[in-house]
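Worksheet: one structure, shown below.
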Amino acid sequence: MRDPILIEIPSQLETERLLLRAPNRTGDGSIVNQAIRDSFNELKAWLPFAQKLPAVEETEINLRKAHINFLKRESFRFLIFDKTTNDFIGTATLQGIDWSIPKCEIGYWINTKFSDSGYMTEAVKALTNFGLHQMEFKRIEIRCESTNLKSRAIPEKLGYELEGILRNDDLSADGSRLTDTCFYSIIS
């Protein structure tokens, strides 16, 4: 197997409406942090990282670490922007990479004010195509809580197969109860 560090990975991808780029600019933290603040109530229900509002500095540190992981070929987080307005939409990440297969998982979240516009489906489609055709992943997974119907709709629209629902598989984002996890996949 070729050393992943030698794989050329573009720092940005484009779709019809979106620009997806690596978090490689100073100041990205303030943009992302504002979106977390604007979407806090919705994110808190599903994401462990959103249980308390982070300081801008914490978000900047998180993004710089994500950029380091991008360079190390451990995960590929992309910040999603509207190409016309340059509004920050959300993030989508190729993560949990296993280069020996090779396979990965896609994780994502959206700024609430851009929900129901098809933006995240468009971004995840772009990452799916990138992962399958350019990265040559043999399997891409999307995992989400069974009751997160908006998140589940994305892999369902994109032709991912629901492989199963693992009962009592995880804790809720706030750690208060057990949840069921849906496993979706697409293979090449």
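In the structure tokens, chains take the letters A, B, ... in the order shown, each chain's residues start at 1, and ligands count up from 1 in the order shown.
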Report task. Could you give me, as a count of residues only, the residues within 10 Å of Arg152 in chain A, counting only C-alpha atoms and dropping anything in the same chain fewer than 2 positions from it? Result -> 17
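Excluding Asn41 in chain A itself and any same-chain residue fewer than 3 positions from it, the protein and nucleic acid residues within 10 Å of it, counting only C-alpha atoms, are Ile36, Arg37, Asp38, Lys44, Ala45, Trp46, Ala50, Gln51 and Thr112 of chain A.
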Next, the residues of the selection above should be written as a short mmCIF file (atom, residue, chain, number, x, y, z; two decimals), in the first residue's frame with all heavy atoms.
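Listed below is the output, part35.cif:
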```cif
data_model
loop_
_atom_site.label_atom_id
_atom_site.label_comp_id
_atom_site.auth_asym_id
_atom_site.auth_seq_id
_atom_site.Cartn_x
_atom_site.Cartn_y
_atom_site.Cartn_z
N ILE A 36 -21.87 27.87 15.03
CA ILE A 36 -22.21 27.01 16.16
C ILE A 36 -23.15 27.76 17.10
O ILE A 36 -24.16 27.22 17.56
CB ILE A 36 -20.93 26.55 16.90
CG1 ILE A 36 -20.11 25.60 16.01
CG2 ILE A 36 -21.29 25.87 18.23
CD1 ILE A 36 -18.71 25.30 16.54
N ARG A 37 -22.86 29.00 17.37
CA ARG A 37 -23.72 29.83 18.24
C ARG A 37 -25.12 29.99 17.63
O ARG A 37 -26.13 29.86 18.33
CB ARG A 37 -23.09 31.19 18.49
CG ARG A 37 -21.86 31.11 19.36
CD ARG A 37 -21.16 32.46 19.56
NE ARG A 37 -20.01 32.27 20.42
CZ ARG A 37 -20.07 32.13 21.75
NH1 ARG A 37 -21.21 32.20 22.37
NH2 ARG A 37 -18.97 31.93 22.45
N ASP A 38 -25.18 30.28 16.34
CA ASP A 38 -26.46 30.47 15.66
C ASP A 38 -27.30 29.18 15.64
O ASP A 38 -28.52 29.25 15.57
CB ASP A 38 -26.26 30.93 14.22
CG ASP A 38 -25.66 32.33 14.12
OD1 ASP A 38 -25.66 33.07 15.13
OD2 ASP A 38 -25.19 32.67 13.01
N LYS A 44 -26.96 20.89 19.61
CA LYS A 44 -26.87 20.30 20.95
C LYS A 44 -27.63 18.97 21.04
O LYS A 44 -27.21 18.06 21.75
CB LYS A 44 -27.41 21.31 21.98
CG LYS A 44 -27.24 20.86 23.40
CD LYS A 44 -27.68 21.93 24.37
CE LYS A 44 -27.41 21.44 25.79
NZ LYS A 44 -27.81 22.41 26.79
N ALA A 45 -28.72 18.86 20.31
CA ALA A 45 -29.53 17.64 20.36
C ALA A 45 -28.79 16.42 19.82
O ALA A 45 -29.07 15.28 20.22
CB ALA A 45 -30.82 17.85 19.57
N TRP A 46 -27.82 16.64 18.90
CA TRP A 46 -27.22 15.51 18.19
C TRP A 46 -25.71 15.36 18.36
O TRP A 46 -25.18 14.28 18.11
CB TRP A 46 -27.52 15.63 16.69
CG TRP A 46 -28.96 15.84 16.40
CD1 TRP A 46 -29.54 16.95 15.87
CD2 TRP A 46 -30.04 14.91 16.63
NE1 TRP A 46 -30.90 16.78 15.76
CE2 TRP A 46 -31.23 15.53 16.22
CE3 TRP A 46 -30.09 13.62 17.14
CZ2 TRP A 46 -32.47 14.91 16.31
CZ3 TRP A 46 -31.33 13.00 17.23
CH2 TRP A 46 -32.50 13.64 16.82
N ALA A 50 -21.21 19.93 20.91
CA ALA A 50 -22.05 21.12 21.04
C ALA A 50 -22.86 21.13 22.35
O ALA A 50 -23.94 21.68 22.41
CB ALA A 50 -22.99 21.23 19.84
N GLN A 51 -22.31 20.56 23.38
CA GLN A 51 -23.02 20.56 24.65
C GLN A 51 -22.82 21.85 25.43
O GLN A 51 -23.58 22.18 26.32
CB GLN A 51 -22.62 19.34 25.48
CG GLN A 51 -23.02 18.02 24.85
CD GLN A 51 -24.49 18.02 24.43
OE1 GLN A 51 -25.38 18.08 25.28
NE2 GLN A 51 -24.76 17.95 23.13
N THR A 112 -27.98 26.11 11.01
CA THR A 112 -29.43 25.95 10.95
C THR A 112 -30.10 26.85 9.91
O THR A 112 -31.04 26.42 9.24
CB THR A 112 -30.05 26.22 12.33
OG1 THR A 112 -29.42 25.33 13.26
CG2 THR A 112 -31.53 25.99 12.34
#
```
Report task. Can you work out the spacing between CA of Gly96 in chain A and CA of Glu14 in chain A in Å, to one decimal? Result ->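 Taking CA of Gly96 in chain A and CA of Glu14 in chain A, their separation equals 23.0 Å.
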Report task. Excluding Asp116 in chain A and any residue of its chain fewer than 4 positions from it, enumerate the residues within 12 Å of it, using only C-alpha atoms, and give them as a ChimeraX atom specification. Result -> /A:89,110-112,120-122,150-151,153-154
Query raised in the report: Which residues come within 9 Å of Ser188 in chain A, counting only C-alpha atoms, excluding same-chain residues fewer than 4 positions away, as a list in words?
Result: Leu132, His133, Glu136, Phe137, Lys138, Arg139 and Ile140 of chain A
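Between CA of Phe70 in chain A and CA of Cys104 in chain A lies a distance of 13.6 Å.
Comparing the minimum interatomic distances between Ala173 in chain A and each of A:Glu141, A:Glu42, A:Glu74, A:Asp87, counting only C-alpha atoms, we find that A:Glu42 sits nearest.
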